[in-house]
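First up is the structure itself, then whatever we jot down about it.
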Amino acid sequence: MPRVPIAERQIQPTGQAGARLDVRAPALTGIGQGLGTVAEVAERIAEAEKRKGDQLAVLEADRRLGGIETQLLYDPAQGALTKRGKDAFAAPESVLQTFDEQVGEIERGLTNDAQRLAFRRTATMRRLTIDRALQQHVAAEIRAYDSAETNAYLANEIDAGIAAAGDAERIELAIGRTRAAIVDHARRNGLPPEWQQQKIAATASQIRAGVVERLLAAGSDRAAKSYYETHQAEILGGERAKLEKALEVGSLRGESQRQADAILLEHGELASAVEAARQIKDPEIRDAVTTRVKDYFTTRRAAEEEKRARTFRAAAQALERSGGDLRVVTPADWVTLDPGERRALEIRSRQIREGVEPVTNWDRYYGLLSIASDEATRAQFLRLDLMQYRHELSDTEFKDLAGKQAALRQGKQIDEALDGYRTKKQIVDDALNAIGIDPTPKDGTKDARRVNEFRRQVDGHILDLQARTGKKATTKEVQEIVDTLLIKGRIPGSGYIWDTRKRLYELAPGEAFDVDVDEIPRAERQKIEEALRRGNRPVTPAAIVELFKLKHVRESAP
C-alpha cells in the first residue's frame, strides 16, 4: 500500500540576547493605586462602626437612666412626686443622691472615654430636669402644708374662742392668735395686705358670732344680746342679719320661759296658770307663755297617766299570779289608780277566786277591734293595756285581741294582723247602711248593742263554716252569711192585730219565724233548690222555706 509522506519540523534551542533584571520597585499605577483606596475606605468604615457602637452604648445607658428617673419620680409607692406634705420636703436631696449613684454605676459599665463623655452630657440634662420637677413639687407641697396647718390652727382657735363663751379674756386671746397666724402665713407666701385684712376680719367675725350663738343655745339670751351689742361692729353683715333674728327668737324664748316658770311656781292648776299668762301685755310673750304653761300640764298629765298605767299593769299581773288576792296591790299603788281601774281589779279578783270566766262585753270587744282597724286610732290600740278589760273579755276574745295587738306591734300587715277583720267589717257596715242602720252607733246605747250582736252572730257563723270546711271563709261566703242574717220575717202570734217582724239575727232561741220565699237571698235559694233536686223532692216555695228554716232558724243564735 502506498504511504503518505509526513514532514517533520525540527526546533533548535538558542540563547536570549541582551536580557536585564531591575531590582527597584516599580511606580504605583493601575491596580496598585486601587489597593491604596480600599485601605482608606476600610479605615473610615471601621471608624464609623465604632461611632455607631459608642452611640448605641450611650443610648442604652441613657435608657437605663430614664427608667431610674421614672421610678424615682413616679413610682406609686415610693416616687418622690407622689409624696405629700412633710414627706415631700426631703425628696430633692435623697432623689438626686440616688440618681448620682446610679449615674456612676452605669458610667462604670461604659468602655471608652467617648461613651462616658456623651453619657455625662445626657445624665446632666436629666439631672437638671429631675431637680426642676422636684423643686416645683416641694414648693407646691410646702404651700399646701402651710395652708393646711394654718387653717387647722385657725379652726382650733376659733373653736376654743367660741367654747369659751362667757370668758372674755380667752375669747380675745383666740382672736389675737388667729390674727398673728394669718399675718405670718401671708408673709411666708407673699400674700397682699388686702388678703390679710379680709381674712382677719372674717375670722374675728366667726368667733364673735359663734359666741353669741353659743350663749343663745345655753339659754343665756340676755348675755348673748349684751355681747352682740358690744361687738356688733366686728361681725360681718351677713352674720349680723342671722344673729339678730336668732336673738329675737332667743329673747322671746328666754323671757317666756322665765315668766312661765314664775307662773307655775305660784299656780298649781292649769286654769289659774293660764289665766295668769293671759295678763301679760306683750302679745308674743303672752302667747309663748300660755303655750309653755299648757305644755307643762299636758306633759305632767301624760307622765302621771303613764305611771298609773304601769302601776295598774303590775297590779293586774300580780292579781292573776296570786289567784285573785287583792292584797298584792299595795295601798300606795291602790290610791294612784282611778275608780274604773280599781273596779276592774275588784271584779277580776272575784272572778278568779270564784272560778268564773268573764263574759265578753261585745260592745267593748268590737269597739277595740274598730280602734285597731282604723289608721287614725291604731296607735291608741297599740298603747292600750288590755288587762284593764280582762274582767269583761272571755279567754277567747282576750287572747284574740292580745294576739292581734302583738302582731301589729311586730310590724305585720294590718289585714294579716287582724285576720281579715277590716274586710269583714266593711261588708257588715255596707249591709247595715243599706237597711238604714248606723254601723257605728255610740258605745253603750241600744243601737250599739244591736249592731254588736249582729257582728257577733256573723263571726259565729263564719267560725262554724270554717270548722266544717277546714278553709278560711271567702269574701263571697262572708257576704252570703251577712245577707242571710239580715233576712226579715214574721214572728207568728206576736201581736193582736199583726205579727211582729224581726230579722233573722234578732231571733231569740226557740222563737218561731216565718219568711217569704222572695226574702231568701238568691244565692241561698239556689243552694236549697239544688239540695231539693238531689233529694228528689219537688222544688216548691213551701219546700224552699221549710228547708231554709230547718237550716238557719236553728243556727240563728250560734
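Here, A, B, ... name the chains of the C-alpha cells in the order displayed, residue numbers run from 1 inside each chain, and ligands are numbered from 1 in the same displayed order.
Close contacts of region 461-463 of chain A, defined as residues with an atom at most 12 Å away when counting only C-alpha atoms, with chain neighbours fewer than 6 positions off set aside, comprise Gly420, Tyr421, Lys424, Phe454, Arg455, Thr469, Gly470, Lys471, Lys472, Ala473, Thr474, Thr475, Lys476, Glu477, Val478, Gln479, Glu480, Ile481, Val482, Thr484, Leu485, Tyr505, His552, Arg554, Glu555, Ser556, Ala557 and Pro558 of chain A.
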Could the residues in this selection be written to a file with C-alpha atoms, as a PDB file, in the first residue's frame?
ATOM      1  CA  GLY A 420    -109.401  39.869 107.617  1.00  0.00           C
ATOM      2  CA  TYR A 421    -111.393  41.895 110.160  1.00  0.00           C
ATOM      3  CA  LYS A 424    -115.491  41.628 107.154  1.00  0.00           C
ATOM      4  CA  PHE A 454    -125.156  41.231 114.674  1.00  0.00           C
ATOM      5  CA  ARG A 455    -121.344  41.295 114.341  1.00  0.00           C
ATOM      6  CA  THR A 469    -114.904  23.159 105.609  1.00  0.00           C
ATOM      7  CA  GLY A 470    -111.446  23.418 107.116  1.00  0.00           C
ATOM      8  CA  LYS A 471    -110.901  26.508 104.985  1.00  0.00           C
ATOM      9  CA  LYS A 472    -110.834  30.244 105.591  1.00  0.00           C
ATOM     10  CA  ALA A 473    -114.143  31.876 104.679  1.00  0.00           C
ATOM     11  CA  THR A 474    -114.039  33.778 101.405  1.00  0.00           C
ATOM     12  CA  THR A 475    -115.387  37.284 100.933  1.00  0.00           C
ATOM     13  CA  LYS A 476    -118.307  35.831  98.956  1.00  0.00           C
ATOM     14  CA  GLU A 477    -119.166  33.429 101.789  1.00  0.00           C
ATOM     15  CA  VAL A 478    -118.987  36.237 104.365  1.00  0.00           C
ATOM     16  CA  GLN A 479    -121.332  38.291 102.201  1.00  0.00           C
ATOM     17  CA  GLU A 480    -123.794  35.384 101.972  1.00  0.00           C
ATOM     18  CA  ILE A 481    -123.773  34.952 105.758  1.00  0.00           C
ATOM     19  CA  VAL A 482    -124.436  38.662 106.275  1.00  0.00           C
ATOM     20  CA  THR A 484    -128.895  35.643 105.309  1.00  0.00           C
ATOM     21  CA  LEU A 485    -128.775  37.019 108.857  1.00  0.00           C
ATOM     22  CA  TYR A 505    -130.144  37.572 113.712  1.00  0.00           C
ATOM     23  CA  HIS A 552    -130.945  28.738 109.614  1.00  0.00           C
ATOM     24  CA  ARG A 554    -131.835  26.583 114.325  1.00  0.00           C
ATOM     25  CA  GLU A 555    -128.491  28.335 113.755  1.00  0.00           C
ATOM     26  CA  SER A 556    -129.692  31.865 114.277  1.00  0.00           C
ATOM     27  CA  ALA A 557    -128.014  32.216 117.654  1.00  0.00           C
ATOM     28  CA  PRO A 558    -124.734  30.310 117.486  1.00  0.00           C
TER      29      PRO A 558
END
TODO: Find the spatial neighbours of Glu275 (chain A), counting only C-alpha atoms, within a cut-off of 12 Å - ignore same-chain residues fewer than 4 positions away - and output them as a VMD selection string.
DONE: chain A and resid 260 263 to 264 267 269 to 271 279 to 280 286 to 287 289 to 290 293 to 294
Task: d(CA of Ala88 (chain A), CA of Leu72 (chain A)) in Å - done: 12.5 Å
Task: Ala314 (chain A) environment, 12 Å, only C-alpha atoms, sequence neighbours closer than 3 positions dropped, as a ChimeraX atom specification - done: /A:307-311,317-321,328-330,333-334,337,345,385,387-388
For Gly161 (chain A), work out the shell of residues within 12 Å, counting only C-alpha atoms and skipping chain neighbours fewer than 6 positions away, then give it as a PDB file with N, CA, C and O atoms, in the first residue's frame.
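For reference, selection.pdb as written:
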ATOM      1  N   LEU A 154     -56.176  77.886 112.842  1.00  0.00           N
ATOM      2  CA  LEU A 154     -57.266  78.865 112.938  1.00  0.00           C
ATOM      3  C   LEU A 154     -58.547  78.197 113.427  1.00  0.00           C
ATOM      4  O   LEU A 154     -59.265  78.741 114.272  1.00  0.00           O
ATOM      5  N   ALA A 155     -58.847  77.001 112.882  1.00  0.00           N
ATOM      6  CA  ALA A 155     -60.064  76.292 113.277  1.00  0.00           C
ATOM      7  C   ALA A 155     -60.045  75.959 114.765  1.00  0.00           C
ATOM      8  O   ALA A 155     -61.054  76.107 115.472  1.00  0.00           O
ATOM      9  N   ASP A 167     -66.155  83.810 128.839  1.00  0.00           N
ATOM     10  CA  ASP A 167     -64.797  84.101 129.312  1.00  0.00           C
ATOM     11  C   ASP A 167     -64.177  85.099 128.335  1.00  0.00           C
ATOM     12  O   ASP A 167     -63.553  84.717 127.337  1.00  0.00           O
ATOM     13  N   ALA A 168     -64.314  86.377 128.614  1.00  0.00           N
ATOM     14  CA  ALA A 168     -63.893  87.423 127.676  1.00  0.00           C
ATOM     15  C   ALA A 168     -62.397  87.350 127.381  1.00  0.00           C
ATOM     16  O   ALA A 168     -61.964  87.553 126.239  1.00  0.00           O
ATOM     17  N   GLU A 169     -61.590  87.049 128.396  1.00  0.00           N
ATOM     18  CA  GLU A 169     -60.133  87.009 128.206  1.00  0.00           C
ATOM     19  C   GLU A 169     -59.733  85.916 127.221  1.00  0.00           C
ATOM     20  O   GLU A 169     -58.895  86.147 126.337  1.00  0.00           O
ATOM     21  N   ARG A 170     -60.340  84.735 127.335  1.00  0.00           N
ATOM     22  CA  ARG A 170     -59.986  83.639 126.414  1.00  0.00           C
ATOM     23  C   ARG A 170     -60.481  83.932 125.009  1.00  0.00           C
ATOM     24  O   ARG A 170     -59.820  83.557 124.027  1.00  0.00           O
ATOM     25  N   ILE A 171     -61.596  84.585 124.890  1.00  0.00           N
ATOM     26  CA  ILE A 171     -62.102  84.941 123.551  1.00  0.00           C
ATOM     27  C   ILE A 171     -61.129  85.892 122.865  1.00  0.00           C
ATOM     28  O   ILE A 171     -60.783  85.716 121.691  1.00  0.00           O
ATOM     29  N   GLU A 172     -60.662  86.927 123.595  1.00  0.00           N
ATOM     30  CA  GLU A 172     -59.736  87.891 122.998  1.00  0.00           C
ATOM     31  C   GLU A 172     -58.401  87.233 122.667  1.00  0.00           C
ATOM     32  O   GLU A 172     -57.758  87.581 121.669  1.00  0.00           O
ATOM     33  N   LEU A 173     -57.976  86.271 123.486  1.00  0.00           N
ATOM     34  CA  LEU A 173     -56.738  85.549 123.192  1.00  0.00           C
ATOM     35  C   LEU A 173     -56.871  84.775 121.890  1.00  0.00           C
ATOM     36  O   LEU A 173     -55.939  84.752 121.072  1.00  0.00           O
ATOM     37  N   ALA A 174     -58.003  84.151 121.669  1.00  0.00           N
ATOM     38  CA  ALA A 174     -58.234  83.405 120.423  1.00  0.00           C
ATOM     39  C   ALA A 174     -58.194  84.331 119.220  1.00  0.00           C
ATOM     40  O   ALA A 174     -57.588  84.009 118.182  1.00  0.00           O
ATOM     41  N   ILE A 175     -58.796  85.498 119.341  1.00  0.00           N
ATOM     42  CA  ILE A 175     -58.795  86.456 118.223  1.00  0.00           C
ATOM     43  C   ILE A 175     -57.378  86.944 117.955  1.00  0.00           C
ATOM     44  O   ILE A 175     -56.935  87.064 116.790  1.00  0.00           O
ATOM     45  N   GLY A 176     -56.596  87.228 119.006  1.00  0.00           N
ATOM     46  CA  GLY A 176     -55.218  87.675 118.820  1.00  0.00           C
ATOM     47  C   GLY A 176     -54.354  86.612 118.174  1.00  0.00           C
ATOM     48  O   GLY A 176     -53.534  86.899 117.292  1.00  0.00           O
ATOM     49  N   ARG A 177     -54.517  85.364 118.585  1.00  0.00           N
ATOM     50  CA  ARG A 177     -53.723  84.282 117.998  1.00  0.00           C
ATOM     51  C   ARG A 177     -54.061  84.054 116.532  1.00  0.00           C
ATOM     52  O   ARG A 177     -53.163  83.810 115.710  1.00  0.00           O
ATOM     53  N   THR A 178     -55.311  84.112 116.203  1.00  0.00           N
ATOM     54  CA  THR A 178     -55.680  83.919 114.785  1.00  0.00           C
ATOM     55  C   THR A 178     -55.140  85.056 113.933  1.00  0.00           C
ATOM     56  O   THR A 178     -54.682  84.830 112.807  1.00  0.00           O
ATOM     57  N   THR A 203     -62.330  85.931 110.294  1.00  0.00           N
ATOM     58  CA  THR A 203     -62.087  85.034 111.431  1.00  0.00           C
ATOM     59  C   THR A 203     -62.628  85.631 112.732  1.00  0.00           C
ATOM     60  O   THR A 203     -63.281  84.939 113.525  1.00  0.00           O
ATOM     61  N   ALA A 204     -62.375  86.913 112.952  1.00  0.00           N
ATOM     62  CA  ALA A 204     -62.890  87.568 114.164  1.00  0.00           C
ATOM     63  C   ALA A 204     -64.416  87.554 114.171  1.00  0.00           C
ATOM     64  O   ALA A 204     -65.044  87.306 115.206  1.00  0.00           O
ATOM     65  N   SER A 205     -65.020  87.787 113.000  1.00  0.00           N
ATOM     66  CA  SER A 205     -66.485  87.767 112.897  1.00  0.00           C
ATOM     67  C   SER A 205     -67.028  86.386 113.231  1.00  0.00           C
ATOM     68  O   SER A 205     -68.048  86.253 113.923  1.00  0.00           O
ATOM     69  N   GLN A 206     -66.339  85.359 112.764  1.00  0.00           N
ATOM     70  CA  GLN A 206     -66.790  83.999 113.033  1.00  0.00           C
ATOM     71  C   GLN A 206     -66.762  83.693 114.525  1.00  0.00           C
ATOM     72  O   GLN A 206     -67.682  83.058 115.059  1.00  0.00           O
ATOM     73  N   ILE A 207     -65.720  84.148 115.205  1.00  0.00           N
ATOM     74  CA  ILE A 207     -65.626  83.903 116.651  1.00  0.00           C
ATOM     75  C   ILE A 207     -66.712  84.679 117.389  1.00  0.00           C
ATOM     76  O   ILE A 207     -67.414  84.130 118.250  1.00  0.00           O
ATOM     77  N   ARG A 208     -66.877  85.952 117.063  1.00  0.00           N
ATOM     78  CA  ARG A 208     -67.877  86.772 117.753  1.00  0.00           C
ATOM     79  C   ARG A 208     -69.285  86.200 117.552  1.00  0.00           C
ATOM     80  O   ARG A 208     -70.063  86.074 118.510  1.00  0.00           O
ATOM     81  N   ALA A 209     -69.604  85.850 116.316  1.00  0.00           N
ATOM     82  CA  ALA A 209     -70.940  85.305 116.037  1.00  0.00           C
ATOM     83  C   ALA A 209     -71.136  83.960 116.731  1.00  0.00           C
ATOM     84  O   ALA A 209     -72.221  83.670 117.248  1.00  0.00           O
ATOM     85  N   GLY A 210     -70.095  83.146 116.745  1.00  0.00           N
ATOM     86  CA  GLY A 210     -70.193  81.846 117.406  1.00  0.00           C
ATOM     87  C   GLY A 210     -70.448  81.981 118.899  1.00  0.00           C
ATOM     88  O   GLY A 210     -71.185  81.183 119.487  1.00  0.00           O
ATOM     89  N   VAL A 211     -69.825  82.979 119.518  1.00  0.00           N
ATOM     90  CA  VAL A 211     -70.046  83.213 120.948  1.00  0.00           C
ATOM     91  C   VAL A 211     -71.506  83.569 121.213  1.00  0.00           C
ATOM     92  O   VAL A 211     -72.132  83.053 122.153  1.00  0.00           O
ATOM     93  N   VAL A 212     -72.089  84.433 120.367  1.00  0.00           N
ATOM     94  CA  VAL A 212     -73.496  84.811 120.533  1.00  0.00           C
ATOM     95  C   VAL A 212     -74.394  83.578 120.397  1.00  0.00           C
ATOM     96  O   VAL A 212     -75.304  83.359 121.206  1.00  0.00           O
ATOM     97  N   ARG A 214     -73.634  80.457 120.853  1.00  0.00           N
ATOM     98  CA  ARG A 214     -73.445  79.514 121.962  1.00  0.00           C
ATOM     99  C   ARG A 214     -74.176  79.995 123.213  1.00  0.00           C
ATOM    100  O   ARG A 214     -74.779  79.195 123.943  1.00  0.00           O
TER     101      ARG A 214
END
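For the pair CA of Glu239 (chain A) and CA of Ala217 (chain A), the separation is 16.4 Å.
Here CA of Ser394 (chain A) is placed at a distance of 15.2 Å from CA of Gly367 (chain A).
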- [ ] Please identify which residues in region 435-511 of chain A DSSP calls alpha helix (DSSP H) from the backbone, and express them as number ranges by chain.
- [x] A: 446-469, 475-485
Open item on the list: When you look at Arg490 (chain A) with a cut-off of 6 Å (counting only C-alpha atoms), what residues show up, excluding the ones that are within fewer than 4 positions of it in the same chain? I need them as a list in words.
Closed with: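 Answer for this query is Thr500, Arg501, Phe513 and Asp514 of chain A.
For region 121-129 of chain A, the set of protein, DNA and RNA residues having any atom at most 8 Å away, when counting only C-alpha atoms and skipping those fewer than 4 positions along the same chain, is A:Asp62, A:Leu65, A:Glu69, A:Leu96, A:Phe99, A:Val103, A:Leu117, A:Ala133.
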Generate the output file for the selected residues, all heavy atoms, as a compact mmCIF listing (two decimals), in the first residue's frame.
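The resulting file, part_27.txt, is reproduced below:
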# COMPACT_ATOMS: atom_id res chain seq x y z
N ASP A 62 -28.48 55.64 78.60
CA ASP A 62 -29.48 56.70 78.86
C ASP A 62 -30.87 56.09 79.08
O ASP A 62 -31.67 56.60 79.87
CB ASP A 62 -29.50 57.67 77.68
CG ASP A 62 -30.32 58.91 78.00
OD1 ASP A 62 -30.12 59.50 79.08
OD2 ASP A 62 -31.20 59.26 77.19
N LEU A 65 -30.99 54.96 82.53
CA LEU A 65 -31.11 56.12 83.40
C LEU A 65 -32.54 56.68 83.36
O LEU A 65 -33.06 57.15 84.38
CB LEU A 65 -30.10 57.20 82.98
CG LEU A 65 -29.83 58.31 84.02
CD1 LEU A 65 -29.35 57.70 85.33
CD2 LEU A 65 -28.83 59.30 83.48
N GLU A 69 -35.04 57.35 86.46
CA GLU A 69 -35.73 58.64 86.66
C GLU A 69 -37.24 58.43 86.88
O GLU A 69 -37.83 59.00 87.81
CB GLU A 69 -35.52 59.54 85.44
CG GLU A 69 -36.29 60.85 85.53
CD GLU A 69 -36.22 61.64 84.22
OE1 GLU A 69 -35.48 61.22 83.31
OE2 GLU A 69 -36.92 62.66 84.14
N LEU A 96 -31.75 63.05 94.25
CA LEU A 96 -30.57 63.41 93.46
C LEU A 96 -29.35 62.58 93.88
O LEU A 96 -28.52 62.21 93.05
CB LEU A 96 -30.28 64.90 93.60
CG LEU A 96 -31.33 65.81 92.93
CD1 LEU A 96 -31.00 67.27 93.17
CD2 LEU A 96 -31.40 65.54 91.43
N PHE A 99 -29.86 59.30 92.29
CA PHE A 99 -29.65 59.46 90.85
C PHE A 99 -28.16 59.50 90.52
O PHE A 99 -27.68 58.83 89.59
CB PHE A 99 -30.34 60.74 90.38
CG PHE A 99 -30.19 61.00 88.90
CD1 PHE A 99 -31.02 60.38 88.00
CD2 PHE A 99 -29.21 61.86 88.43
CE1 PHE A 99 -30.89 60.62 86.63
CE2 PHE A 99 -29.07 62.10 87.06
CZ PHE A 99 -29.92 61.47 86.16
N VAL A 103 -25.96 57.02 88.17
CA VAL A 103 -25.17 57.51 87.04
C VAL A 103 -23.76 56.94 87.09
O VAL A 103 -23.20 56.47 86.09
CB VAL A 103 -25.14 59.06 87.03
CG1 VAL A 103 -24.08 59.58 86.04
CG2 VAL A 103 -26.51 59.61 86.67
N LEU A 117 -18.10 60.44 78.11
CA LEU A 117 -18.32 61.87 77.93
C LEU A 117 -19.74 62.15 77.41
O LEU A 117 -20.45 63.03 77.92
CB LEU A 117 -17.27 62.44 76.95
CG LEU A 117 -17.40 63.95 76.68
CD1 LEU A 117 -17.21 64.74 77.98
CD2 LEU A 117 -16.36 64.38 75.63
N ALA A 133 -38.29 69.49 88.50
CA ALA A 133 -39.58 68.88 88.86
C ALA A 133 -39.71 68.73 90.37
O ALA A 133 -40.78 68.99 90.95
CB ALA A 133 -39.72 67.51 88.19
Task: Residue with smallest distance to Ala61 (chain A) - pool A:Ala402, A:Val38, A:Ala302, A:Ile106, counting only C-alpha atoms - done: A:Ile106
